[in-house]
Structures are given as C-alpha cells and as structure tokens.
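To be precise, the following lines are protein-v3.csv, and they hold CSV, C-alpha atoms and all ligand atoms.
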chain,number,residue,atom,x,y,z
A,1,MET,CA,83.3,179.4,-37.7
A,2,GLU,CA,81.8,179.9,-34.2
A,3,ARG,CA,79.5,182.6,-35.6
A,4,CYS,CA,78.3,180.2,-38.3
A,5,ASP,CA,77.6,177.7,-35.5
A,6,ALA,CA,75.8,180.4,-33.5
A,7,LEU,CA,73.5,181.4,-36.4
A,8,ALA,CA,72.7,177.7,-37.1
A,9,ARG,CA,71.2,177.5,-33.6
A,10,HIS,CA,68.4,179.9,-34.7
A,11,SER,CA,66.3,177.2,-36.4
A,12,GLU,CA,62.7,176.0,-36.5
A,13,LEU,CA,64.0,172.5,-36.9
A,14,ALA,CA,65.2,170.7,-33.8
A,15,GLY,CA,68.5,169.0,-34.5
A,16,GLY,CA,68.9,170.7,-37.9
A,17,LEU,CA,68.8,174.1,-39.6
A,18,THR,CA,65.7,175.6,-41.2
A,19,ARG,CA,65.3,179.4,-41.1
A,20,VAL,CA,63.0,181.0,-43.5
A,21,PHE,CA,62.3,184.7,-44.3
A,22,LEU,CA,60.6,186.7,-41.5
A,23,SER,CA,60.3,183.8,-39.2
A,24,PRO,CA,60.9,184.3,-35.4
A,25,GLU,CA,64.2,182.4,-35.9
A,26,SER,CA,65.3,184.8,-38.6
A,27,ARG,CA,64.5,187.7,-36.4
A,28,ALA,CA,66.7,186.2,-33.7
A,29,ALA,CA,69.5,185.6,-36.2
A,30,ASN,CA,69.2,189.2,-37.3
A,31,GLU,CA,69.7,190.4,-33.7
A,32,SER,CA,73.0,188.5,-33.5
A,33,VAL,CA,74.2,189.9,-36.8
A,34,LEU,CA,73.2,193.5,-35.8
A,35,GLY,CA,75.2,193.1,-32.7
A,36,TRP,CA,78.3,191.8,-34.5
A,37,MET,CA,78.1,194.6,-37.0
A,38,ARG,CA,78.0,197.2,-34.2
A,39,GLU,CA,81.0,195.5,-32.5
A,40,ALA,CA,82.9,195.8,-35.8
A,41,GLY,CA,82.3,199.6,-35.8
A,42,MET,CA,79.3,199.7,-38.1
A,43,GLN,CA,76.0,201.5,-37.8
A,44,ALA,CA,73.5,198.7,-38.2
A,45,ARG,CA,69.8,198.6,-38.8
A,46,LEU,CA,67.1,196.6,-40.5
A,47,ASP,CA,65.9,198.0,-43.8
A,48,ALA,CA,62.4,198.2,-45.0
A,49,ILE,CA,62.2,194.6,-46.2
A,50,GLY,CA,64.0,193.1,-43.2
A,51,ASN,CA,67.6,192.9,-44.5
A,52,VAL,CA,70.3,193.6,-41.9
A,53,VAL,CA,72.4,196.5,-43.1
A,54,GLY,CA,75.7,197.6,-41.5
A,55,ARG,CA,77.5,200.7,-42.7
A,56,TYR,CA,81.2,201.5,-42.1
A,57,GLU,CA,81.9,205.1,-43.2
A,58,GLY,CA,84.9,205.9,-45.4
A,59,GLU,CA,87.4,208.7,-45.1
A,60,ARG,CA,84.4,211.1,-44.7
A,61,PRO,CA,80.8,210.4,-44.0
A,62,GLY,CA,78.3,209.9,-46.8
A,63,LEU,CA,80.6,208.5,-49.5
A,64,PRO,CA,79.2,205.9,-52.0
A,65,CYS,CA,79.7,202.3,-50.8
A,66,LEU,CA,81.3,199.1,-51.8
A,67,MET,CA,78.5,196.7,-50.9
A,68,LEU,CA,79.3,193.3,-49.5
A,69,GLY,CA,77.0,190.6,-48.3
A,70,SER,CA,75.1,187.4,-48.7
A,71,HIS,CA,71.9,185.9,-47.2
A,72,LEU,CA,70.7,184.9,-43.8
A,73,ASP,CA,67.8,182.6,-44.8
A,74,THR,CA,68.3,178.9,-45.4
A,75,VAL,CA,66.7,176.0,-47.3
A,76,ARG,CA,64.9,173.3,-45.3
A,77,ASN,CA,67.4,171.1,-43.4
A,78,ALA,CA,70.2,173.3,-44.6
A,79,GLY,CA,73.9,173.5,-44.0
A,80,LYS,CA,75.3,176.4,-41.9
A,81,TYR,CA,77.6,178.1,-44.4
A,82,ASP,CA,75.4,178.8,-47.5
A,83,GLY,CA,74.8,182.5,-47.2
A,84,MET,CA,75.9,183.0,-43.6
A,85,LEU,CA,79.6,182.6,-44.4
A,86,GLY,CA,79.5,185.6,-46.7
A,87,VAL,CA,77.8,187.9,-44.2
A,88,ILE,CA,80.1,186.8,-41.4
A,89,SER,CA,83.3,187.1,-43.5
A,90,ALA,CA,82.3,190.6,-44.6
A,91,ILE,CA,81.7,191.7,-41.0
A,92,GLU,CA,85.1,190.1,-40.1
A,93,CYS,CA,86.8,192.2,-42.8
A,94,VAL,CA,85.3,195.4,-41.5
A,95,ASP,CA,86.2,194.5,-38.0
A,96,THR,CA,89.8,194.1,-39.1
A,97,LEU,CA,89.8,197.5,-40.8
A,98,ASN,CA,88.1,199.1,-37.8
A,99,SER,CA,90.6,197.6,-35.3
A,100,LYS,CA,93.4,199.2,-37.4
A,101,LYS,CA,91.4,202.4,-37.5
A,102,LYS,CA,91.6,202.2,-41.3
A,103,ARG,CA,89.1,204.3,-43.3
A,104,LEU,CA,88.9,203.8,-47.1
A,105,PRO,CA,88.1,206.3,-49.9
A,106,PHE,CA,84.6,204.7,-50.0
A,107,ALA,CA,82.1,203.4,-47.4
A,108,ILE,CA,81.4,199.7,-46.9
A,109,GLU,CA,77.9,198.4,-46.5
A,110,VAL,CA,77.5,194.8,-45.4
A,111,VAL,CA,74.0,193.4,-46.1
A,112,GLY,CA,72.6,190.2,-44.6
A,113,PHE,CA,69.7,189.6,-47.1
A,114,GLY,CA,66.5,188.3,-45.6
A,115,ASP,CA,65.5,186.1,-48.4
A,116,GLU,CA,67.6,184.6,-51.1
A,117,GLU,CA,66.4,181.0,-51.1
A,118,GLY,CA,62.8,181.7,-51.7
A,119,VAL,CA,61.7,178.8,-49.6
A,120,ARG,CA,58.8,180.5,-47.8
A,121,PHE,CA,57.0,182.3,-50.6
A,122,GLY,CA,58.3,180.3,-53.6
A,123,THR,CA,59.9,183.4,-55.1
A,124,THR,CA,63.6,184.1,-54.5
A,125,LEU,CA,65.8,187.1,-53.9
A,126,LEU,CA,63.2,189.2,-52.1
A,127,GLY,CA,65.8,191.0,-50.0
A,128,SER,CA,68.2,191.8,-52.8
A,129,ARG,CA,65.5,192.7,-55.2
A,130,ALA,CA,64.2,195.3,-52.8
A,131,VAL,CA,67.7,196.8,-52.4
A,132,ALA,CA,68.0,196.9,-56.2
A,133,GLY,CA,64.7,198.7,-56.5
A,134,LYS,CA,63.3,195.7,-58.4
A,135,PHE,CA,60.8,194.4,-55.8
A,136,ASP,CA,57.7,193.2,-57.5
A,137,PHE,CA,54.8,194.4,-55.4
A,138,ALA,CA,52.6,191.6,-56.7
A,139,THR,CA,54.6,189.2,-54.6
A,140,LEU,CA,53.1,190.8,-51.5
A,141,LYS,CA,50.0,188.6,-52.1
A,142,MET,CA,52.0,185.4,-52.4
A,143,LYS,CA,51.3,183.0,-49.6
A,144,ASP,CA,53.4,180.6,-47.6
A,145,SER,CA,52.4,177.0,-47.1
A,146,ASN,CA,50.2,178.1,-44.1
A,147,GLY,CA,48.3,180.6,-46.2
A,148,ILE,CA,50.1,183.7,-44.7
A,149,PRO,CA,50.6,186.3,-47.4
A,150,LEU,CA,54.0,188.1,-47.6
A,151,GLU,CA,52.4,191.4,-46.7
A,152,LYS,CA,51.1,190.0,-43.4
A,153,ALA,CA,54.4,188.3,-42.6
A,154,LEU,CA,56.1,191.6,-43.1
A,155,ALA,CA,53.6,193.4,-40.9
A,156,ASP,CA,53.9,190.7,-38.2
A,157,ALA,CA,57.7,191.3,-38.2
A,158,GLY,CA,57.0,195.0,-37.6
A,159,LEU,CA,57.8,196.0,-41.2
A,160,ASP,CA,55.5,198.2,-43.4
A,161,PRO,CA,55.0,196.7,-46.8
A,162,LYS,CA,54.2,200.2,-48.2
A,163,ARG,CA,57.7,201.4,-47.3
A,164,ILE,CA,59.6,198.6,-49.2
A,165,ALA,CA,60.7,201.1,-51.8
A,166,GLN,CA,62.8,202.8,-49.1
A,167,ALA,CA,65.1,199.7,-49.1
A,168,ALA,CA,66.2,200.6,-52.6
A,169,LYS,CA,69.6,202.0,-53.3
A,170,LYS,CA,70.1,204.5,-56.1
A,171,LYS,CA,72.6,203.7,-58.8
A,172,GLY,CA,75.5,206.0,-57.8
A,173,GLU,CA,75.3,205.0,-54.2
A,174,VAL,CA,76.8,201.5,-54.8
A,175,LEU,CA,80.2,201.4,-56.5
A,176,ALA,CA,80.1,197.6,-56.8
A,177,TYR,CA,78.8,194.5,-55.0
A,178,ALA,CA,81.1,191.6,-53.9
A,179,GLU,CA,79.9,188.4,-52.2
A,180,LEU,CA,81.9,185.6,-50.7
A,181,HIS,CA,80.0,182.2,-50.8
A,182,ILE,CA,80.8,178.5,-50.5
A,183,GLU,CA,81.2,177.0,-54.0
A,184,GLN,CA,78.4,174.4,-53.7
A,185,GLY,CA,80.2,172.4,-56.3
A,186,PRO,CA,83.2,170.1,-56.5
A,187,VAL,CA,85.6,172.0,-58.8
A,188,LEU,CA,87.9,173.7,-56.2
A,189,GLU,CA,88.2,170.6,-54.1
A,190,ALA,CA,89.1,168.5,-57.2
A,191,GLU,CA,91.8,171.0,-58.1
A,192,GLY,CA,93.1,171.3,-54.5
A,193,LEU,CA,92.3,175.1,-54.3
A,194,ALA,CA,90.8,176.9,-51.3
A,195,ILE,CA,89.2,179.8,-53.2
A,196,GLY,CA,88.1,180.7,-56.7
A,197,VAL,CA,86.9,183.8,-58.6
A,198,VAL,CA,83.4,183.6,-60.1
A,199,THR,CA,82.8,184.5,-63.8
A,200,ALA,CA,79.0,184.4,-64.0
A,201,ILE,CA,75.9,183.1,-62.2
A,202,ASN,CA,73.7,180.7,-64.2
A,203,GLY,CA,70.1,181.8,-65.0
A,204,PHE,CA,67.1,180.0,-63.6
A,205,SER,CA,63.4,179.5,-64.2
A,206,ARG,CA,60.9,178.3,-61.6
A,207,LEU,CA,57.5,176.9,-62.3
A,208,ARG,CA,54.6,175.6,-60.2
A,209,VAL,CA,52.5,172.9,-61.8
A,210,SER,CA,49.1,171.9,-60.7
A,211,LEU,CA,47.4,168.6,-61.9
A,212,THR,CA,43.8,167.8,-61.3
A,213,GLY,CA,42.4,164.4,-61.9
A,214,MET,CA,39.7,162.7,-60.0
A,215,ALA,CA,39.9,161.5,-56.4
A,216,GLY,CA,38.2,158.2,-55.7
A,217,HIS,CA,38.2,154.9,-53.8
A,218,ALA,CA,41.4,152.9,-54.1
A,219,GLY,CA,39.4,149.7,-53.9
A,220,THR,CA,36.5,150.2,-56.2
A,221,VAL,CA,37.6,152.4,-59.2
A,222,PRO,CA,39.0,150.1,-62.0
A,223,MET,CA,42.4,151.0,-63.4
A,224,ASN,CA,41.1,152.0,-66.8
A,225,LEU,CA,38.6,154.5,-65.4
A,226,ARG,CA,41.0,156.4,-63.2
A,227,ARG,CA,42.3,159.9,-63.6
A,228,ASP,CA,45.2,159.6,-61.0
A,229,ALA,CA,46.9,162.9,-60.7
A,230,LEU,CA,49.9,161.4,-58.9
A,231,ALA,CA,50.6,158.7,-61.5
A,232,ALA,CA,50.5,161.6,-64.1
A,233,ALA,CA,52.9,163.6,-61.9
A,234,ALA,CA,55.3,160.6,-61.8
A,235,GLU,CA,55.4,160.7,-65.6
A,236,CYS,CA,55.9,164.5,-65.5
A,237,VAL,CA,58.8,164.2,-63.1
A,238,LEU,CA,60.6,161.9,-65.4
A,239,ALA,CA,59.9,164.2,-68.4
A,240,VAL,CA,61.5,167.1,-66.5
A,241,GLU,CA,64.5,164.8,-65.8
A,242,ARG,CA,64.7,163.9,-69.5
A,243,VAL,CA,64.8,167.6,-70.5
A,244,GLY,CA,67.5,168.2,-67.9
A,245,ARG,CA,69.5,165.4,-69.4
A,246,SER,CA,69.0,166.5,-73.0
A,247,LYS,CA,72.0,168.9,-73.0
A,248,PRO,CA,75.2,168.8,-70.9
A,249,GLU,CA,74.8,172.4,-69.6
A,250,LEU,CA,71.2,172.0,-68.5
A,251,VAL,CA,69.9,171.0,-65.1
A,252,ALA,CA,66.2,170.4,-64.2
A,253,THR,CA,64.7,169.5,-60.9
A,254,VAL,CA,61.3,168.7,-59.3
A,255,GLY,CA,62.1,169.7,-55.7
A,256,ARG,CA,58.7,169.5,-54.1
A,257,LEU,CA,55.6,167.5,-54.8
A,258,ASP,CA,52.4,167.4,-52.7
A,259,ALA,CA,49.7,164.8,-53.4
A,260,LEU,CA,46.1,165.3,-52.2
A,261,PRO,CA,44.1,164.2,-50.4
A,262,GLY,CA,47.0,162.0,-49.2
A,263,ALA,CA,45.5,158.8,-47.9
A,264,ILE,CA,46.5,155.2,-48.5
A,265,ASN,CA,43.1,154.2,-49.8
A,266,VAL,CA,42.3,157.3,-51.9
A,267,ILE,CA,43.3,157.8,-55.6
A,268,PRO,CA,45.2,161.2,-55.6
A,269,GLY,CA,43.0,163.8,-57.2
A,270,ASP,CA,45.3,166.8,-57.0
A,271,VAL,CA,49.0,167.2,-57.2
A,272,LEU,CA,51.1,170.4,-57.0
A,273,PHE,CA,54.8,170.3,-57.8
A,274,THR,CA,57.6,172.7,-58.6
A,275,VAL,CA,60.2,172.7,-61.4
A,276,ASP,CA,63.6,174.5,-61.3
A,277,ILE,CA,65.5,174.7,-64.6
A,278,ARG,CA,69.0,176.3,-64.9
A,279,ALA,CA,71.6,176.9,-67.6
A,280,PRO,CA,74.7,179.0,-68.3
A,281,GLU,CA,73.0,180.3,-71.5
A,282,ASP,CA,69.5,182.0,-71.5
A,283,ASP,CA,68.5,180.6,-74.9
A,284,SER,CA,69.1,177.0,-73.8
A,285,ARG,CA,67.1,177.6,-70.5
A,286,VAL,CA,64.1,179.2,-72.3
A,287,LYS,CA,64.1,176.3,-74.8
A,288,ALA,CA,64.2,173.8,-71.9
A,289,VAL,CA,61.2,175.5,-70.3
A,290,ASP,CA,59.2,175.2,-73.6
A,291,ASP,CA,60.2,171.5,-73.8
A,292,VAL,CA,59.0,170.9,-70.3
A,293,ARG,CA,55.7,172.7,-71.0
A,294,SER,CA,55.0,170.7,-74.1
A,295,ALA,CA,56.0,167.3,-72.5
A,296,LEU,CA,53.7,168.0,-69.5
A,297,SER,CA,50.9,169.1,-71.6
A,298,ASP,CA,51.1,165.9,-73.7
A,299,ILE,CA,51.1,163.7,-70.6
A,300,SER,CA,48.1,165.6,-69.1
A,301,ASN,CA,46.1,165.4,-72.3
A,302,ARG,CA,46.7,161.7,-72.7
A,303,ARG,CA,45.7,161.0,-69.1
A,304,LYS,CA,42.7,163.5,-69.1
A,305,ILE,CA,44.2,165.5,-66.4
A,306,VAL,CA,43.6,169.3,-66.1
A,307,MET,CA,47.0,171.0,-65.8
A,308,THR,CA,48.0,174.6,-65.1
A,309,ILE,CA,51.6,175.9,-65.1
A,310,GLU,CA,52.4,179.1,-63.2
A,311,ASP,CA,55.7,180.9,-64.0
A,312,LEU,CA,57.0,181.7,-60.5
A,313,GLN,CA,60.1,183.5,-61.5
A,314,SER,CA,62.9,183.5,-64.0
A,315,GLN,CA,66.2,185.3,-64.1
A,316,GLY,CA,68.8,185.5,-66.8
A,317,VAL,CA,72.5,184.7,-66.5
A,318,ALA,CA,74.3,187.3,-64.3
A,319,ALA,CA,77.9,187.9,-65.5
A,320,CYS,CA,80.5,189.2,-63.1
A,321,ALA,CA,82.2,192.4,-64.3
A,322,PRO,CA,85.6,191.9,-65.9
A,323,TRP,CA,87.1,194.8,-64.0
A,324,LEU,CA,86.0,193.3,-60.7
A,325,MET,CA,87.1,189.8,-61.6
A,326,GLU,CA,90.6,191.3,-62.3
A,327,GLN,CA,90.7,192.9,-58.9
A,328,MET,CA,89.5,189.7,-57.3
A,329,ASP,CA,92.2,187.7,-59.2
A,330,ARG,CA,94.8,190.1,-57.8
A,331,ALA,CA,93.4,189.7,-54.3
A,332,VAL,CA,93.7,185.9,-54.6
A,333,ALA,CA,97.2,186.2,-56.0
A,334,ALA,CA,98.2,188.6,-53.2
A,335,GLU,CA,97.4,185.8,-50.7
A,336,GLY,CA,99.9,183.6,-52.6
A,337,LEU,CA,97.1,181.4,-54.0
A,338,LYS,CA,96.5,180.2,-57.6
A,339,VAL,CA,93.9,182.1,-59.5
A,340,ARG,CA,91.1,179.9,-60.7
A,341,ARG,CA,88.0,181.3,-62.4
A,342,LEU,CA,84.7,179.3,-62.4
A,343,PRO,CA,81.0,179.8,-63.0
A,344,SER,CA,78.3,179.4,-60.4
A,345,GLY,CA,75.5,176.9,-60.9
A,346,ALA,CA,73.6,178.2,-57.8
A,347,GLY,CA,71.8,181.5,-57.7
A,348,HIS,CA,73.0,184.4,-55.6
A,349,ASP,CA,71.9,187.8,-54.4
A,350,GLY,CA,74.2,189.4,-57.0
A,351,MET,CA,71.6,188.4,-59.7
A,352,ALA,CA,69.3,191.1,-58.3
A,353,ILE,CA,72.0,193.6,-57.3
A,354,GLN,CA,73.5,193.8,-60.8
A,355,ALA,CA,70.5,196.0,-61.7
A,356,ILE,CA,72.2,198.8,-59.7
A,357,ALA,CA,75.9,197.8,-59.6
A,358,ASP,CA,78.5,195.6,-61.2
A,359,ILE,CA,79.0,192.3,-59.2
A,360,ALA,CA,81.9,190.1,-58.2
A,361,MET,CA,82.0,186.8,-56.2
A,362,LEU,CA,84.6,184.8,-54.4
A,363,PHE,CA,84.0,181.1,-53.8
A,364,VAL,CA,85.3,179.1,-50.9
A,365,ARG,CA,85.9,175.3,-51.3
A,366,CYS,CA,83.3,173.1,-49.6
A,367,LYS,CA,83.6,169.4,-48.8
A,368,GLY,CA,82.5,167.1,-51.6
A,369,GLY,CA,80.7,170.1,-53.3
A,370,ILE,CA,77.8,169.4,-51.0
A,371,SER,CA,75.3,172.1,-50.1
A,372,HIS,CA,71.6,172.4,-49.3
A,373,ASN,CA,72.3,169.6,-47.0
A,374,PRO,CA,73.3,169.4,-43.3
A,375,ALA,CA,76.5,167.7,-44.4
A,376,GLU,CA,77.7,171.0,-45.9
A,377,ALA,CA,81.2,171.6,-44.5
A,378,ILE,CA,84.3,173.8,-44.9
A,379,THR,CA,87.6,174.0,-43.2
A,380,GLU,CA,88.7,176.8,-40.9
A,381,ALA,CA,91.7,177.3,-43.1
A,382,ASP,CA,89.6,177.8,-46.2
A,383,ALA,CA,87.3,180.1,-44.4
A,384,GLY,CA,90.4,182.1,-43.4
A,385,ALA,CA,91.7,182.1,-47.0
A,386,GLY,CA,88.3,183.4,-48.2
A,387,ALA,CA,88.1,186.1,-45.6
A,388,ARG,CA,91.7,187.2,-46.2
A,389,GLY,CA,91.1,187.2,-50.0
A,390,LEU,CA,88.0,189.4,-49.5
A,391,LEU,CA,89.9,191.8,-47.3
A,392,GLN,CA,92.6,192.1,-50.0
A,393,PHE,CA,89.9,192.9,-52.5
A,394,ILE,CA,88.3,195.5,-50.2
A,395,ALA,CA,91.5,197.2,-49.2
A,396,ASN,CA,92.7,197.5,-52.8
A,397,PHE,CA,89.3,198.2,-54.4
A,398,LYS,CA,89.2,200.9,-57.1
A,399,LYS,CA,86.1,201.9,-58.9
A,400,GLN,CA,86.4,201.7,-62.7
A,501,LIG,C1,69.9,179.2,-54.1
A,501,LIG,O1,70.7,178.6,-53.5
A,501,LIG,C2,69.5,178.7,-55.4
A,501,LIG,O2,70.4,178.6,-56.3
A,501,LIG,O3,68.3,178.3,-55.6
A,502,MN,MN,71.3,178.1,-51.1
A,503,MN,MN,73.4,180.9,-51.0
Using structure tokens, write down the structure that the file contains.
Amino acid sequence: MERCDALARHSELAGGLTRVFLSPESRAANESVLGWMREAGMQARLDAIGNVVGRYEGERPGLPCLMLGSHLDTVRNAGKYDGMLGVISAIECVDTLNSKKKRLPFAIEVVGFGDEEGVRFGTTLLGSRAVAGKFDFATLKMKDSNGIPLEKALADAGLDPKRIAQAAKKKGEVLAYAELHIEQGPVLEAEGLAIGVVTAINGFSRLRVSLTGMAGHAGTVPMNLRRDALAAAAECVLAVERVGRSKPELVATVGRLDALPGAINVIPGDVLFTVDIRAPEDDSRVKAVDDVRSALSDISNRRKIVMTIEDLQSQGVAACAPWLMEQMDRAVAAEGLKVRRLPSGAGHDGMAIQAIADIAMLFVRCKGGISHNPAEAITEADAGAGARGLLQFIANFKKQ
C-alpha cells in the first residue's frame, strides 16, 4: 500500500495522479520499480519500449518464465491502484520467494508495462504489444496532444525506436501470463468477496471522429445559416449513447471532445471527439461500431458537416485459459476463500500478451467498483488476500 502511495507521487498533476507513457514522471516511477525489483532478488532493466522488466531465475538460469505484471501508466486524474497494484503485488511475491531462498522449476518475469491506458498517443497496450511481438510500427508516427510523435518521445527517453522488436518474447519463452488487478466493477463488493478469478476480457473499439462545419460570428450568423460543428457533435454524443444502450451487454462512451476555435463569441467550426465501444462478444461490438458510423453519418449529412472517422484501434475478446483459471481457482481456495469467476469490462495487458502465451487474471475488490477516478480505493486486507492468492498460484503453477 505504501508503494502504491509512493508511485502515486510521480505525477504531472499537482494534488492528483496523471502519469502518461514516457513522461518524466513515468521515468521516475520506473526508477523506483527497478529498485524494488532488485531488492526482491531480481535482475531488472528497461526493455526496448520502456517497460520495466525484472527476472527471478528458476532452479537453473535461463528457464522459460511465468510472466506476471500490469501497467505503470495512468489515465488523467487517476486512482493509484489501477495497474500499479499488479506490478507491486508481483514484486512482493518474488520478494517472499527470494527471502525463503525458494527457486521454482521456471523463471519469473515481472513486467511493469509502460503504456496500457493509451492516454498519450490514443492507442493502447503499446508496452504489452511490443512484448508480444505485435507492435505496429505505424504507431511511431502517432502524435500526442503537443504534436510530439511517439518515435520522438521514445528517443527523448533514451530508447531507440528501431530496436523495439528486441522487446518481443518468443513463444516458448513464456509459459503463461498472470495479472493481478483491481476489479474496477462492483461485483466482488456486492457479494462480500475479496478476490475473484477472471474468465475473459471484453473486446473494444476506439474511434476518433472529426467534424468540420463553419466557424463564424456568434452575433451575426442567423441560426438557419449555421454549420455548427459542436451542435452536430452534441447529437453525435447522444447517438453513441443510444447505441450503447441498445443491448444490455454493450457500453459506448465519448470520453474526450475538443471544440475549436473555443471562444464564447465564435460558432465552433471544428470538433474532434473519441468513441470507445466494448462488449463481451465481438459480433455485437462490430455491429455497434457500424451502427455508430451510420448514425453519425446521418447527422453530419443532415447538418452539412464534413465528417471523418478514424479507426484508432480494436481488439477482440481475450479469453482466460481454462487450465490457468483452474489453477487460479485452486489458489483462491487454498487461501480459504470462496471461488468466484467473473468477466472483465476493462481492458488489460493480457489482451496483447495472449498472442504469445495463455493468460490468467486475479481481481481484487475495490470500493464501490470505482476506478479511473481519484476515489479509487482498496483495503489493505484485500490487497493482502490478492497478493497471497497470487503467491499460491505462482508456487503451485504447472504448465499444461
Ligand atoms: C483501460 O483501463 C481500459 O480498459 O481502457
Ligand atoms: Mn485503467
Ligand atoms: Mn488497468
């Protein structure tokens, strides 16, 4: 808990937590994590994309690894457990093994992924995709809100974009991936349970929409002659919400909207906004994206607005492996806790890592199901239950 507090102090936001990929704050957080990994008996380094990687050798050096981890970046005005708890818990487990001088028939690698949230460049899972050998080199040209391309941000952080492929693990090197994470939902709390075993991670699609109308004088242009991009965007936001409400399993969100030029006496001529759509079934998500596209195009045509929609990223449902879920169930039961399986509505690094290894996740109850919010909270007892459950899983892990 103290380490979560310590990482939360590395923030660009005074009095709150914002730490995006490759920022000076993230580099400072990485230094702390590297130090904790070394104290826990690991060899620790930054990989080619800027993930923090710690390795604890098994019974002999060079064995394939069980990979553990989560992410060290945050959303804007974030809570301090989303991501960080998983990295810190994994280090804590290794520290326990190390203090008992226990070596396992496999190595453990703990990874603090540099980018899971995708806040800075609009595209997520940059760290874990590089580890999975699925980094899309076209993203090097993507720019942050200050116009800095990813390739420059990497170079500024002392990383060579040409060497990103070196972060990739080969298939046989990773026996499985397991991640502890806060639930970010209300199910465990409602049922009075400290931890739960994840069945699958819902898929997502992210779009960026640009609307161009006509900027003009707020006092002189009559209402019937306007092409107001923000009024059109308002209709679009409600259309996205309608699609999200059209089926119980769907969710759809406009999380960011910028109106330009942004003055009280100017009709907005340009609007940019994002759309995030998720579902536990890929067909239903793909259909929802189509529905959003056609609703937005109807609105723009009717209002004589020029619209473009950019597909930022999409990712199918990532199922946790049955053999790993069974081992995770046994780990929870070994702690004397009731086994509860549940899906994840939020995205996680395992979505990318499943390209090279089967994945498992363990959820820890969080207060009110709140996350992506400074009110995110967990109890010390639940953090302990999660870390002990993860340690049971690690100590009894057997590749199938
Ligand atoms: C990450 O938290 C995501 O689900 O977008
Ligand atoms: Mn998050
Ligand atoms: Mn997260």
Checklist entry - Using all atoms listed in the file, which of the listed residues (A:Gly69, A:Gly196, A:Pro61, A:Gly255) sits closest to Arg341 (chain A)? => result A:Gly196
Checklist entry - Any idea what the distance is between CA of Leu97 (chain A) and CA of Lys171 (chain A)? => result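 Calculated distance between CA of Leu97 (chain A) and CA of Lys171 (chain A) is 25.7 Å.
From CA of Ile370 (chain A) back to CA of Lys338 (chain A), the distance works out to 22.6 Å.
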Could you produce a table of the residues of region 305-368 of chain A lying within 12 Å of region 232-240 of chain A, with the nearest pair of atoms per residue and their separation in Å rounded to one decimal, using only C-alpha atoms, ordered by chain and increasing residue number, as a tab-separated table?
residue	atom	partner	partner_atom	distance
A:Ile305	CA	A:Ala232	CA	7.8
A:Val306	CA	A:Ala232	CA	10.5
A:Met307	CA	A:Ala232	CA	10.2
Just the selected residues (C-alpha atoms), exported as a tab-separated table (two decimals), in the frame of the given file, please.
chain	number	residue	atom	x	y	z
A	305	ILE	CA	44.20	165.50	-66.40
A	306	VAL	CA	43.60	169.30	-66.10
A	307	MET	CA	47.00	171.00	-65.80
Next on the checklist: Counting all atoms listed in the file, what are the residues, protein, DNA or RNA alike, that approach ligand LIG 501 (chain A) to within 6 Å? I want them as an MDAnalysis selection string.
Outcome noted: chainID A and resid 117 346:347
Next on the checklist: Just checking: using all atoms listed in the file, which residue out of A:Thr96, A:Asn265, A:Gln400, A:Ser371 ends up closest to Asp358 (chain A)?
Outcome noted: A:Gln400
Next on the checklist: Can you measure CA of Gly86 (chain A) to CA of His71 (chain A) for me? One decimal in Å is fine.
Outcome noted: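 Result for CA of Gly86 (chain A) versus CA of His71 (chain A): 7.6 Å, one decimal.
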Checklist outcome for this item: With distances taken over all atoms listed in the file, the candidate from A:Thr124, A:Asn30, A:Ser89, A:Gln327 nearest Asn396 (chain A) is A:Gln327
Item to check | Nearest to ligand MN 502 (chain A) by atom-to-atom distance, counting only C-alpha atoms and all ligand atoms, from A:Leu175, A:Ile182, A:Leu154, A:Met37 | outcome: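 Once distances to ligand MN 502 (chain A) are computed over only C-alpha atoms and all ligand atoms, the minimum belongs to A:Ile182.
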Next on the checklist: Can you work out which residues are within 9 Å of ligand MN 503 (chain A), considering all atoms listed in the file, and then hand them over as a ChimeraX atom specification?
Outcome noted: /A:70-74,81-84,86,116-117,181-182,184,346-349,372
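Across A:Ala259, A:Ala352, A:Ile378, A:Leu312, the tightest approach to Cys366 (chain A) is made by A:Ile378 when counting only C-alpha atoms.
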Item to check | Neighbours of point (64.7, 177.8, -73.7) within 12 Å, using only C-alpha atoms, written as a PyMOL selection string | outcome: chain A and resi 203-205+243-244+247+250+277-293+314+316
Answer as a JSON list (two decimals) with C-alpha atoms, in the frame of the given file, residues within 6 Å of (63.1, 170.1, -62.3) using only C-alpha atoms:
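Saved the output as part_21.json:
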[["chain", "number", "residue", "atom", "x", "y", "z"],
["A", 240, "VAL", "CA", 61.50, 167.10, -66.50],
["A", 252, "ALA", "CA", 66.20, 170.40, -64.20],
["A", 253, "THR", "CA", 64.70, 169.50, -60.90],
["A", 254, "VAL", "CA", 61.30, 168.70, -59.30],
["A", 275, "VAL", "CA", 60.20, 172.70, -61.40],
["A", 276, "ASP", "CA", 63.60, 174.50, -61.30],
["A", 277, "ILE", "CA", 65.50, 174.70, -64.60]]
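Among A:Ile201, A:Cys320, A:Leu193, A:Ala78, the residue with the shortest atom-to-atom distance to ligand MN 502 (chain A), counting all atoms listed in the file, is A:Ala78.
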Checklist entry - What lies within 8 Å of Ala165 (chain A) using only C-alpha atoms, ignoring chain neighbours under 3 positions off, as a list in words? => result Ala48, Ala130, Gly133, Phe135, Lys162 and Ala168 of chain A
Next on the checklist: So that I can see what lies close to Asn373 (chain A), please list as a list in words the residues with an atom at most 10 Å from it, counting all atoms listed in the file and leaving out residues fewer than 3 positions away in the same chain.
Outcome noted: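 The filter keeps Gly16, Leu17, Val75, Arg76, Asn77, Ala78, Gly79, Lys80, Asp82, Ile370, Glu376 and Ala377 of chain A.
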Residue neighbourhood Pro105 (chain A), 12 Å, only C-alpha atoms, exclusion window fewer than 4 positions, as a PDB file with C-alpha atoms, in the frame of the given file:
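Below is the file that was written, around20.pdb:
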ATOM      1  CA  TYR A  56      81.200 201.500 -42.100  1.00  0.00           C
ATOM      2  CA  GLU A  57      81.900 205.100 -43.200  1.00  0.00           C
ATOM      3  CA  GLY A  58      84.900 205.900 -45.400  1.00  0.00           C
ATOM      4  CA  GLU A  59      87.400 208.700 -45.100  1.00  0.00           C
ATOM      5  CA  ARG A  60      84.400 211.100 -44.700  1.00  0.00           C
ATOM      6  CA  PRO A  61      80.800 210.400 -44.000  1.00  0.00           C
ATOM      7  CA  GLY A  62      78.300 209.900 -46.800  1.00  0.00           C
ATOM      8  CA  LEU A  63      80.600 208.500 -49.500  1.00  0.00           C
ATOM      9  CA  PRO A  64      79.200 205.900 -52.000  1.00  0.00           C
ATOM     10  CA  CYS A  65      79.700 202.300 -50.800  1.00  0.00           C
ATOM     11  CA  LEU A  66      81.300 199.100 -51.800  1.00  0.00           C
ATOM     12  CA  LEU A 175      80.200 201.400 -56.500  1.00  0.00           C
ATOM     13  CA  ILE A 394      88.300 195.500 -50.200  1.00  0.00           C
ATOM     14  CA  ALA A 395      91.500 197.200 -49.200  1.00  0.00           C
ATOM     15  CA  ASN A 396      92.700 197.500 -52.800  1.00  0.00           C
ATOM     16  CA  PHE A 397      89.300 198.200 -54.400  1.00  0.00           C
ATOM     17  CA  LYS A 398      89.200 200.900 -57.100  1.00  0.00           C
ATOM     18  CA  LYS A 399      86.100 201.900 -58.900  1.00  0.00           C
TER      19      LYS A 399
END
Checklist entry - Can you tell me, as number ranges by chain, what residues are no more than 10 Å from Ala167 (chain A) when counting all atoms listed in the file, ignoring any on the same chain fewer than 5 positions away? => result A: 46-51, 53, 127-133, 135
